[in-house]
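As provided, structure36.txt (compact mmCIF, C-alpha atoms) reads as follows.
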```
# COMPACT_ATOMS: atom_id res chain seq x y z
CA MET A 1 -57.28 -6.41 -59.31
CA PRO A 2 -60.96 -5.32 -59.37
CA ARG A 3 -62.82 -5.92 -62.63
CA LYS A 4 -63.30 -2.16 -63.31
CA THR A 5 -59.61 -1.51 -62.73
CA ARG A 6 -58.64 -4.36 -65.05
CA ALA A 7 -60.99 -3.06 -67.74
CA PHE A 8 -59.62 0.47 -67.40
CA ALA A 9 -56.02 -0.84 -67.63
CA ALA A 10 -56.88 -2.90 -70.70
CA ALA A 11 -58.55 0.07 -72.37
CA THR A 12 -55.57 2.28 -71.54
CA ALA A 13 -53.15 -0.30 -72.97
CA ALA A 14 -55.27 -0.65 -76.10
CA THR A 15 -55.34 3.11 -76.55
CA ALA A 16 -51.57 3.29 -76.12
CA LEU A 17 -51.14 0.49 -78.65
CA LEU A 18 -53.30 2.30 -81.18
CA LEU A 19 -51.39 5.54 -80.66
CA THR A 20 -48.09 3.71 -81.09
CA ALA A 21 -49.36 2.08 -84.28
CA ALA A 22 -50.51 5.45 -85.57
CA CYS A 23 -47.10 6.97 -84.87
CA ASN A 24 -45.36 4.07 -86.58
CA SER A 25 -47.71 4.44 -89.54
CA ALA A 26 -46.83 8.11 -89.80
CA SER A 27 -43.12 7.27 -89.87
CA THR A 28 -43.28 4.36 -92.31
CA GLY A 29 -46.40 4.56 -94.41
CA GLY A 30 -48.83 7.29 -93.39
CA ALA A 31 -47.39 10.58 -94.67
CA SER A 32 -46.37 10.41 -98.31
CA LYS A 33 -43.01 12.08 -97.69
CA ASP A 34 -41.92 9.52 -95.12
CA ALA A 35 -43.44 6.65 -97.08
CA ASP A 36 -41.32 7.57 -100.08
CA SER A 37 -38.17 7.51 -97.97
CA VAL A 38 -38.47 3.77 -97.36
CA ARG A 39 -40.31 2.75 -100.55
CA GLY A 40 -38.61 -0.26 -102.12
CA VAL A 41 -36.18 -0.87 -99.27
CA THR A 42 -36.30 -3.80 -96.82
CA ASP A 43 -33.69 -5.28 -94.52
CA THR A 44 -32.53 -7.57 -97.33
CA ARG A 45 -33.48 -5.93 -100.65
CA ILE A 46 -33.52 -2.70 -102.66
CA LYS A 47 -36.06 -2.66 -105.47
CA VAL A 48 -35.03 -0.90 -108.73
CA GLY A 49 -36.73 -0.74 -112.14
CA GLY A 50 -36.02 0.80 -115.53
CA ILE A 51 -37.74 2.58 -118.43
CA VAL A 52 -36.34 1.90 -121.90
CA SER A 53 -37.54 2.30 -125.50
CA MET A 54 -37.39 -1.40 -126.29
CA THR A 55 -39.65 -1.05 -129.34
CA THR A 56 -40.34 1.93 -131.60
CA ALA A 57 -42.38 2.67 -134.71
CA SER A 58 -39.17 2.99 -136.76
CA GLY A 59 -37.80 -0.33 -135.52
CA TYR A 60 -34.99 1.37 -133.60
CA SER A 61 -34.47 -0.28 -130.22
CA LYS A 62 -32.55 0.47 -127.04
CA LYS A 63 -33.32 -2.94 -125.55
CA ASP A 64 -29.66 -3.66 -124.72
CA THR A 65 -29.84 -0.84 -122.17
CA ASP A 66 -31.77 -3.29 -119.99
CA LEU A 67 -29.03 -5.90 -120.38
CA GLY A 68 -26.38 -3.36 -119.39
CA ALA A 69 -28.20 -2.48 -116.17
CA LYS A 70 -28.77 -6.13 -115.35
CA ALA A 71 -25.06 -6.86 -115.86
CA ARG A 72 -24.01 -4.18 -113.39
CA PHE A 73 -26.61 -5.11 -110.78
CA ASP A 74 -25.70 -8.80 -111.14
CA ARG A 75 -22.07 -8.01 -110.31
CA ALA A 76 -23.11 -5.90 -107.34
CA ASN A 77 -25.17 -8.80 -105.99
CA ALA A 78 -22.34 -11.27 -106.59
CA GLU A 79 -20.10 -9.00 -104.50
CA GLY A 80 -22.54 -9.00 -101.59
CA GLY A 81 -25.01 -6.31 -102.61
CA LEU A 82 -25.22 -2.90 -100.95
CA HIS A 83 -24.42 -3.14 -97.25
CA GLY A 84 -25.90 -6.64 -97.21
CA ARG A 85 -28.98 -5.78 -99.29
CA ARG A 86 -29.54 -7.49 -102.63
CA ILE A 87 -30.51 -5.33 -105.63
CA ASP A 88 -33.88 -6.60 -106.84
CA TYR A 89 -33.80 -5.34 -110.45
CA LEU A 90 -37.27 -5.72 -111.97
CA GLY A 91 -36.08 -5.08 -115.52
CA ALA A 92 -37.18 -2.25 -117.80
CA GLU A 93 -40.64 -1.12 -118.81
CA ASP A 94 -40.98 -0.50 -122.57
CA ASP A 95 -42.23 3.03 -123.26
CA GLY A 96 -42.27 2.52 -127.05
CA GLN A 97 -40.70 6.00 -127.33
CA ASP A 98 -44.18 7.34 -126.57
CA PRO A 99 -44.64 10.20 -124.04
CA SER A 100 -47.88 8.79 -122.59
CA ARG A 101 -46.30 5.36 -122.11
CA ASN A 102 -43.21 6.91 -120.54
CA LEU A 103 -45.34 8.57 -117.86
CA ALA A 104 -47.43 5.43 -117.42
CA ALA A 105 -44.27 3.36 -116.92
CA ALA A 106 -43.01 5.79 -114.27
CA ARG A 107 -46.33 5.66 -112.43
CA LYS A 108 -46.42 1.85 -112.53
CA LEU A 109 -42.90 1.46 -111.19
CA VAL A 110 -43.51 3.87 -108.31
CA GLN A 111 -47.14 3.32 -107.36
CA GLN A 112 -47.56 -0.36 -108.18
CA ASP A 113 -44.08 -1.92 -108.04
CA LYS A 114 -42.87 0.42 -105.26
CA VAL A 115 -39.31 0.85 -106.53
CA PHE A 116 -36.78 2.87 -104.59
CA ALA A 117 -35.04 4.10 -107.76
CA ILE A 118 -35.24 4.00 -111.54
CA ALA A 119 -32.06 3.00 -113.35
CA PRO A 120 -31.90 3.14 -116.29
CA MET A 121 -34.23 5.66 -117.94
CA SER A 122 -33.36 5.62 -121.65
CA SER A 123 -35.72 7.14 -124.21
CA THR A 124 -36.00 10.15 -126.50
CA THR A 125 -38.98 11.22 -124.39
CA PHE A 126 -39.06 11.75 -120.64
CA SER A 127 -42.59 12.88 -119.85
CA GLY A 128 -42.41 11.05 -116.53
CA ALA A 129 -39.69 13.35 -115.21
CA ASP A 130 -41.95 15.76 -113.30
CA PHE A 131 -43.81 12.87 -111.67
CA LEU A 132 -40.57 11.18 -110.56
CA GLN A 133 -39.19 14.45 -109.23
CA LYS A 134 -42.34 15.13 -107.19
CA GLN A 135 -42.37 11.56 -105.88
CA ARG A 136 -38.69 11.89 -104.89
CA VAL A 137 -37.52 8.91 -106.93
CA PRO A 138 -33.76 8.84 -107.66
CA THR A 139 -33.58 8.34 -111.43
CA PHE A 140 -30.55 7.63 -113.63
CA GLY A 141 -29.90 7.70 -117.38
CA TRP A 142 -27.93 9.35 -120.16
CA GLY A 143 -28.24 13.10 -119.57
CA THR A 144 -29.03 14.00 -123.19
CA LEU A 145 -32.49 15.37 -122.31
CA PRO A 146 -33.22 18.67 -120.52
CA SER A 147 -34.92 16.85 -117.63
CA PHE A 148 -31.54 15.50 -116.53
CA CYS A 149 -30.30 19.04 -115.98
CA GLY A 150 -31.52 20.68 -112.80
CA PRO A 151 -34.06 18.41 -111.02
CA SER A 152 -32.59 17.26 -107.71
CA TYR A 153 -33.64 13.58 -107.98
CA ILE A 154 -32.63 13.00 -111.61
CA TYR A 155 -29.03 12.14 -112.53
CA GLY A 156 -27.16 11.79 -115.82
CA PHE A 157 -24.38 9.20 -115.61
CA GLY A 158 -22.15 11.51 -117.67
CA GLY A 159 -23.57 14.66 -116.12
CA CYS A 160 -25.89 17.16 -117.80
CA MET A 161 -25.27 16.87 -121.54
CA VAL A 162 -27.77 19.61 -122.44
CA PRO A 163 -26.50 23.09 -121.55
CA THR A 164 -28.76 25.31 -119.48
CA PRO A 165 -28.48 28.98 -118.50
CA GLY A 166 -25.66 29.24 -116.00
CA GLY A 167 -24.35 25.84 -117.10
CA THR A 168 -21.54 24.79 -119.37
CA ILE A 169 -20.85 23.18 -122.75
CA SER A 170 -18.61 20.13 -123.12
CA GLN A 171 -15.69 20.66 -125.49
CA THR A 172 -15.09 16.98 -126.18
CA TRP A 173 -16.25 17.07 -129.81
CA PRO A 174 -14.26 20.07 -131.11
CA GLU A 175 -11.20 19.16 -129.03
CA GLY A 176 -11.25 15.63 -130.40
CA LEU A 177 -11.74 16.89 -133.95
CA GLU A 178 -8.81 19.24 -133.47
CA GLN A 179 -6.62 16.19 -132.80
CA VAL A 180 -7.93 14.46 -135.92
CA MET A 181 -7.37 17.52 -138.12
CA GLY A 182 -4.05 18.62 -136.66
CA GLY A 183 -5.44 21.82 -135.16
CA ALA A 184 -8.39 24.18 -135.40
CA LYS A 185 -6.71 27.36 -136.66
CA GLY A 186 -7.68 28.06 -140.24
CA ARG A 187 -10.05 25.07 -140.27
CA SER A 188 -13.72 25.40 -141.20
CA VAL A 189 -16.74 23.32 -140.23
CA ALA A 190 -20.35 23.11 -141.39
CA ILE A 191 -23.00 21.93 -138.92
CA LEU A 192 -26.33 20.41 -139.99
CA ALA A 193 -29.30 19.39 -137.83
CA ASN A 194 -32.99 18.53 -138.03
CA ASP A 195 -35.66 21.21 -138.09
CA SER A 196 -36.84 20.51 -134.54
CA ASP A 197 -36.47 22.02 -131.10
CA ALA A 198 -33.63 19.60 -130.37
CA GLY A 199 -31.97 20.42 -133.69
CA LYS A 200 -32.21 24.16 -133.15
CA PHE A 201 -30.77 23.82 -129.68
CA GLY A 202 -27.99 21.55 -131.01
CA ILE A 203 -27.00 24.10 -133.64
CA ARG A 204 -26.87 26.86 -131.03
CA THR A 205 -24.77 24.72 -128.69
CA TYR A 206 -22.28 23.27 -131.16
CA ARG A 207 -21.78 26.51 -133.03
CA GLN A 208 -20.60 28.10 -129.81
CA SER A 209 -18.55 25.01 -128.94
CA PHE A 210 -16.65 24.80 -132.24
CA GLU A 211 -16.07 28.54 -132.48
CA SER A 212 -14.72 28.60 -128.94
CA ALA A 213 -12.23 25.90 -129.91
CA GLY A 214 -10.94 28.04 -132.78
CA PHE A 215 -12.82 26.61 -135.76
CA THR A 216 -14.56 28.83 -138.30
CA VAL A 217 -18.21 27.82 -138.61
CA THR A 218 -19.25 28.46 -142.22
CA TYR A 219 -22.69 26.87 -142.02
CA ALA A 220 -25.00 26.09 -139.08
CA LYS A 221 -28.63 25.31 -139.86
CA PRO A 222 -31.38 23.09 -138.40
CA SER A 223 -32.95 22.69 -141.82
CA VAL A 224 -33.51 18.95 -142.41
CA SER A 225 -37.11 17.77 -141.94
CA ALA A 226 -37.52 15.82 -138.72
CA ALA A 227 -40.63 14.07 -140.05
CA SER A 228 -38.87 11.86 -142.61
CA VAL A 229 -35.44 11.22 -144.10
CA PRO A 230 -35.01 13.18 -147.36
CA SER A 231 -34.79 11.13 -150.55
CA ASP A 232 -32.84 13.92 -152.25
CA TRP A 233 -29.98 15.60 -150.35
CA SER A 234 -28.73 17.77 -153.20
CA ALA A 235 -30.20 21.02 -151.84
CA TYR A 236 -28.33 20.53 -148.58
CA THR A 237 -25.04 19.32 -150.05
CA LYS A 238 -24.93 22.13 -152.60
CA GLU A 239 -25.26 24.77 -149.89
CA ILE A 240 -22.84 23.10 -147.48
CA LEU A 241 -20.13 22.44 -150.05
CA ARG A 242 -20.08 26.12 -151.08
CA SER A 243 -20.28 27.54 -147.56
CA ASP A 244 -16.59 28.35 -147.10
CA GLY A 245 -16.33 31.25 -149.51
CA GLY A 246 -17.51 29.09 -152.41
CA ARG A 247 -15.44 26.13 -151.29
CA ALA A 248 -16.18 23.05 -149.20
CA PRO A 249 -15.57 23.23 -145.43
CA ASP A 250 -12.80 21.14 -143.89
CA ALA A 251 -15.32 19.15 -141.84
CA ILE A 252 -19.05 18.41 -141.93
CA VAL A 253 -20.67 17.93 -138.52
CA SER A 254 -24.03 16.14 -138.42
CA VAL A 255 -26.16 16.48 -135.29
CA MET A 256 -28.66 13.85 -136.49
CA GLN A 257 -29.59 10.19 -136.06
CA THR A 258 -28.24 7.27 -138.08
CA PRO A 259 -30.80 7.13 -140.96
CA TYR A 260 -30.16 10.82 -141.70
CA ASN A 261 -26.40 10.43 -141.42
CA ILE A 262 -26.40 7.55 -143.88
CA GLY A 263 -28.29 9.66 -146.44
CA LEU A 264 -26.22 12.81 -145.90
CA PHE A 265 -22.80 11.17 -145.91
CA THR A 266 -23.62 9.03 -148.93
CA ALA A 267 -24.69 12.13 -150.87
CA VAL A 268 -21.60 14.10 -149.79
CA LYS A 269 -19.22 11.30 -150.77
CA ARG A 270 -20.79 11.09 -154.23
CA THR A 271 -19.68 14.68 -154.86
CA GLY A 272 -16.08 13.65 -154.30
CA TYR A 273 -15.79 15.39 -150.92
CA ARG A 274 -12.58 14.43 -149.10
CA GLY A 275 -12.94 16.34 -145.84
CA VAL A 276 -13.77 15.05 -142.37
CA LEU A 277 -17.25 13.66 -141.61
CA THR A 278 -18.42 13.35 -138.01
CA ASP A 279 -21.55 12.66 -135.93
CA PRO A 280 -22.48 11.69 -132.33
CA THR A 281 -24.62 8.59 -132.89
CA ASP A 282 -23.12 5.96 -135.20
CA TYR A 283 -21.00 3.95 -132.77
CA ASP A 284 -22.73 0.60 -132.88
CA PRO A 285 -21.30 -2.73 -134.15
CA GLY A 286 -24.82 -3.63 -135.25
CA LEU A 287 -24.53 -1.02 -138.01
CA LEU A 288 -21.73 -3.02 -139.59
CA ALA A 289 -24.00 -5.95 -140.47
CA LYS A 290 -25.16 -4.32 -143.71
CA SER A 291 -22.62 -3.57 -146.44
CA ALA A 292 -24.48 -0.44 -147.58
CA THR A 293 -24.38 0.99 -144.07
CA ARG A 294 -20.70 0.16 -143.66
CA LYS A 295 -19.96 1.92 -146.92
CA ALA A 296 -21.99 5.02 -146.07
CA LEU A 297 -20.39 5.42 -142.64
CA ASP A 298 -16.86 4.37 -143.58
CA GLY A 299 -14.37 7.04 -142.56
CA VAL A 300 -16.83 8.85 -140.25
CA HIS A 301 -15.52 9.99 -136.85
CA VAL A 302 -18.11 9.32 -134.15
CA LEU A 303 -18.24 11.14 -130.81
CA THR A 304 -18.60 9.01 -127.67
CA SER A 305 -19.10 10.31 -124.14
CA PHE A 306 -17.61 7.17 -122.63
CA GLN A 307 -14.42 5.20 -123.05
CA PRO A 308 -14.48 3.44 -126.45
CA PHE A 309 -14.66 -0.34 -126.37
CA GLU A 310 -11.43 -0.45 -128.41
CA GLN A 311 -9.51 1.62 -125.83
CA ARG A 312 -8.74 -1.21 -123.42
CA SER A 313 -8.51 -0.69 -119.67
CA ALA A 314 -9.20 -2.72 -116.54
CA ALA A 315 -12.65 -1.10 -116.26
CA MET A 316 -13.50 -1.87 -119.89
CA THR A 317 -12.35 -5.48 -119.53
CA ARG A 318 -14.58 -5.87 -116.49
CA PHE A 319 -17.50 -4.28 -118.38
CA GLY A 320 -17.12 -6.83 -121.18
CA LYS A 321 -17.02 -9.74 -118.75
CA ASP A 322 -20.09 -8.50 -116.89
CA ILE A 323 -22.06 -8.14 -120.14
CA ARG A 324 -21.11 -11.61 -121.37
CA LYS A 325 -22.08 -13.16 -118.06
CA ALA A 326 -25.46 -11.42 -117.97
CA ALA A 327 -26.16 -12.30 -121.62
CA GLY A 328 -25.06 -15.90 -121.16
CA LYS A 329 -22.98 -15.70 -124.31
CA ASP A 330 -20.44 -13.60 -126.19
CA VAL A 331 -22.19 -10.55 -127.67
CA PRO A 332 -20.94 -7.43 -129.49
CA LEU A 333 -20.73 -4.47 -127.12
CA ASN A 334 -22.76 -1.35 -127.89
CA MET A 335 -23.55 2.07 -126.43
CA HIS A 336 -26.99 0.98 -125.18
CA MET A 337 -25.34 -1.61 -122.92
CA MET A 338 -23.04 1.14 -121.67
CA THR A 339 -26.02 3.43 -120.97
CA GLY A 340 -27.69 0.83 -118.76
CA TYR A 341 -24.46 -0.24 -117.10
CA MET A 342 -23.30 3.26 -116.15
CA SER A 343 -26.78 4.34 -115.04
CA ALA A 344 -26.75 1.42 -112.60
CA ASP A 345 -23.14 2.11 -111.66
CA LEU A 346 -23.80 5.71 -110.60
CA PHE A 347 -26.83 4.65 -108.56
CA LEU A 348 -24.77 1.98 -106.79
CA ALA A 349 -21.92 4.38 -106.10
CA ILE A 350 -24.15 6.99 -104.43
CA ALA A 351 -26.28 4.41 -102.59
CA GLY A 352 -23.11 2.79 -101.30
CA LYS A 353 -22.01 6.11 -99.84
CA ALA A 354 -25.43 6.54 -98.19
CA GLY A 355 -24.66 3.58 -95.94
CA LYS A 356 -26.80 0.95 -94.26
CA ASP A 357 -29.59 3.39 -93.30
CA LEU A 358 -30.80 3.88 -96.87
CA THR A 359 -33.65 6.36 -97.33
CA VAL A 360 -34.29 8.93 -100.04
CA SER A 361 -33.02 11.58 -97.64
CA SER A 362 -29.80 9.72 -96.88
CA PHE A 363 -29.34 9.01 -100.58
CA GLN A 364 -29.71 12.68 -101.50
CA LYS A 365 -27.35 13.66 -98.70
CA ALA A 366 -24.78 11.17 -100.05
CA ALA A 367 -25.11 12.73 -103.51
CA ASP A 368 -24.10 16.11 -102.11
CA GLY A 369 -20.35 16.30 -102.60
CA PHE A 370 -20.14 12.84 -104.18
CA ALA A 371 -17.07 12.32 -106.36
CA ASP A 372 -15.04 9.46 -107.79
CA THR A 373 -12.45 8.98 -110.52
CA GLY A 374 -11.35 6.64 -113.27
CA THR A 375 -14.77 5.41 -114.39
CA LEU A 376 -15.78 4.56 -117.94
CA VAL A 377 -17.21 8.09 -118.22
CA GLY A 378 -14.25 9.75 -116.53
CA ASP A 379 -14.26 11.62 -113.22
CA ARG A 380 -17.73 12.05 -111.72
CA ALA A 381 -18.97 14.69 -109.31
CA GLU A 382 -22.36 15.69 -107.88
CA ARG A 383 -24.18 18.01 -107.77
CA LYS A 384 -21.97 19.33 -110.55
CA GLY A 385 -23.37 16.66 -112.84
CA GLN A 386 -26.86 18.12 -112.56
CA LYS A 387 -25.70 21.37 -114.17
CA GLU A 388 -22.87 20.37 -116.50
CA SER A 389 -21.34 17.34 -118.17
CA PHE A 390 -18.26 15.61 -116.83
CA GLY A 391 -16.54 16.80 -120.02
CA CYS A 392 -15.05 13.48 -121.10
CA GLY A 393 -15.18 11.66 -124.41
CA ALA A 394 -13.43 10.29 -127.46
CA LEU A 395 -13.73 9.97 -131.23
CA VAL A 396 -13.77 6.62 -133.01
CA GLN A 397 -13.56 6.18 -136.77
CA LEU A 398 -15.19 3.45 -138.81
CA LYS A 399 -12.35 2.23 -140.98
CA GLY A 400 -12.45 -0.83 -143.21
CA GLY A 401 -15.44 -2.29 -141.38
CA GLU A 402 -13.97 -1.78 -137.90
CA TYR A 403 -13.97 1.01 -135.34
CA VAL A 404 -10.61 2.49 -134.39
CA VAL A 405 -9.88 5.21 -131.83
CA SER A 406 -9.09 8.46 -133.65
CA ALA A 407 -9.00 10.73 -130.56
CA PRO A 408 -8.40 8.91 -127.23
CA PHE A 409 -10.79 9.21 -124.32
CA THR A 410 -9.93 12.45 -122.50
CA CYS A 411 -11.59 14.96 -120.19
CA TYR A 412 -11.60 18.61 -121.28
CA PRO A 413 -12.52 21.77 -119.34
CA PRO A 414 -16.04 22.91 -120.34
CA ILE A 415 -16.91 26.44 -121.41
CA PRO A 416 -19.76 28.65 -120.11
CA PHE A 417 -23.01 28.37 -122.03
CA THR A 418 -24.21 31.74 -123.33
```

Target encoding structure tokens, full file:
Amino acid sequence: MPRKTRAFAAATAATALLLTAACNSASTGGASKDADSVRGVTDTRIKVGGIVSMTTASGYSKKDTDLGAKARFDRANAEGGLHGRRIDYLGAEDDGQDPSRNLAAARKLVQQDKVFAIAPMSSTTFSGADFLQKQRVPTFGWGTLPSFCGPSYIYGFGGCMVPTPGGTISQTWPEGLEQVMGGAKGRSVAILANDSDAGKFGIRTYRQSFESAGFTVTYAKPSVSAASVPSDWSAYTKEILRSDGGRAPDAIVSVMQTPYNIGLFTAVKRTGYRGVLTDPTDYDPGLLAKSATRKALDGVHVLTSFQPFEQRSAAMTRFGKDIRKAAGKDVPLNMHMMTGYMSADLFLAIAGKAGKDLTVSSFQKAADGFADTGTLVGDRAERKGQKESFGCGALVQLKGGEYVVSAPFTCYPPIPFT
């Protein structure tokens, strides 16, 4: 072949090679949309990270959420991974319950660590939600924050727990309390929350929920300072205990965190109150370590949105074994472990349905119409879970230093949110 012809052929081949490389770059790393679809996925691994409030100014920690996720991913890997790919769980970033750190953690996991998904996300702040939605990062956590309700890439493992216009309200709490009290007819409840946006929304939600179930709501106020726990509860107890026509209500419902509940319930008990006390947060064996805490919370019925540890089943037995194996020792089970475990479990279930060709697009397609049954949070369905909760839960009562099931884990039809 003449020299000029050879040179022309070489140049043509080089040009073709460059064009091919450019096309490949566009499909795998050039355009941000396509780059996101394969971010964190190789032929052998799927990279996942978490965001958890491991440390906080108050000392409250959700660190066991990380252990729960690890336990579930460890079992998945022991069973062969997802279609032959191992889950490379990087562990959880600590956001310190700080909005700026939450967003920074989300950016690090996506832009630096290149994760395919975030599971779990467990914090009282979720400032990174908009960023994760725009970056098309499948994200999983406990749907107790508004960001879990609506965005197409963000999933609550129990569904959307925060009602939105056009959504629904779970009836687990009033239905469970009805079992405890032998019915709702003629029964009165008083509901107390913090003076915050969350508290105001909680009062609006639970007032509608309890009234729909047939209870008479005699008191519903978000009046307790959210800045600090009151040292004197008398102003609150006096008003609550006279709210039912000058008499005490049959039940007092607290929509607050543990330190507030300890103060409120202690003050109420000192008045001689003998009605039902209930809240949605105090299901944690760690609370039983201190005698004063055990005494304050004794008799309280606590709402759970997952199967109680005391209500044994094959799934719960497996959960306990997975946690012990991941921890390397026998440890008391708690709701933070469950949060991490079920966040990972929902991710694995949808990713498994997506098949071997895992991209963000195939993952989202698999989520459309996804459904399964008999999980630790009941029957799951998407995209239903991005607008309403799965409607399942139980009540457990702290009794004599131990938790006992007072209303078994059941799924109830939700009601429209108005």

Next on the checklist: Set the distance at 9 Å and use all atoms listed in the file: which residues neighbour range 98-114 of chain A once local chain neighbours fewer than 2 positions away are removed? I'd like the list as a ChimeraX atom specification.
Outcome noted: /A:36,39-40,47-53,56,90,93-96,116-118,123-129,131-132,135,137

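For the pair CA of Met161 in chain A and CA of Cys149 in chain A, the interatomic distance is 7.8 Å.
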
Checklist entry - Smallest atom-to-atom distance to Gly166 in chain A: which of A:Ala57, A:Val276, A:Ile415, A:Ala190, using all atoms listed in the file? => result A:Ile415

Checklist entry - Hey, what's within 6 Å of range 196-209 of chain A if we count only C-alpha atoms and toss same-chain stuff fewer than 3 positions away? As a list in words, please? => result Ala193, Ser212 and Pro222 of chain A

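Computed from the coordinates, the CA of Ala92 in chain A to CA of Phe73 in chain A distance equals 13.0 Å.
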
Next on the checklist: Which residues are near Leu333 in chain A? Cut-off 9 Å, only C-alpha atoms, ignore same chain within fewer than 3 positions. Put them as a ChimeraX atom specification.
Outcome noted: /A:284-285,309,320,323,336-338

Checklist outcome for this item: Computed gap from CA of Gly352 in chain A to CA of Leu82 in chain A is 6.1 Å
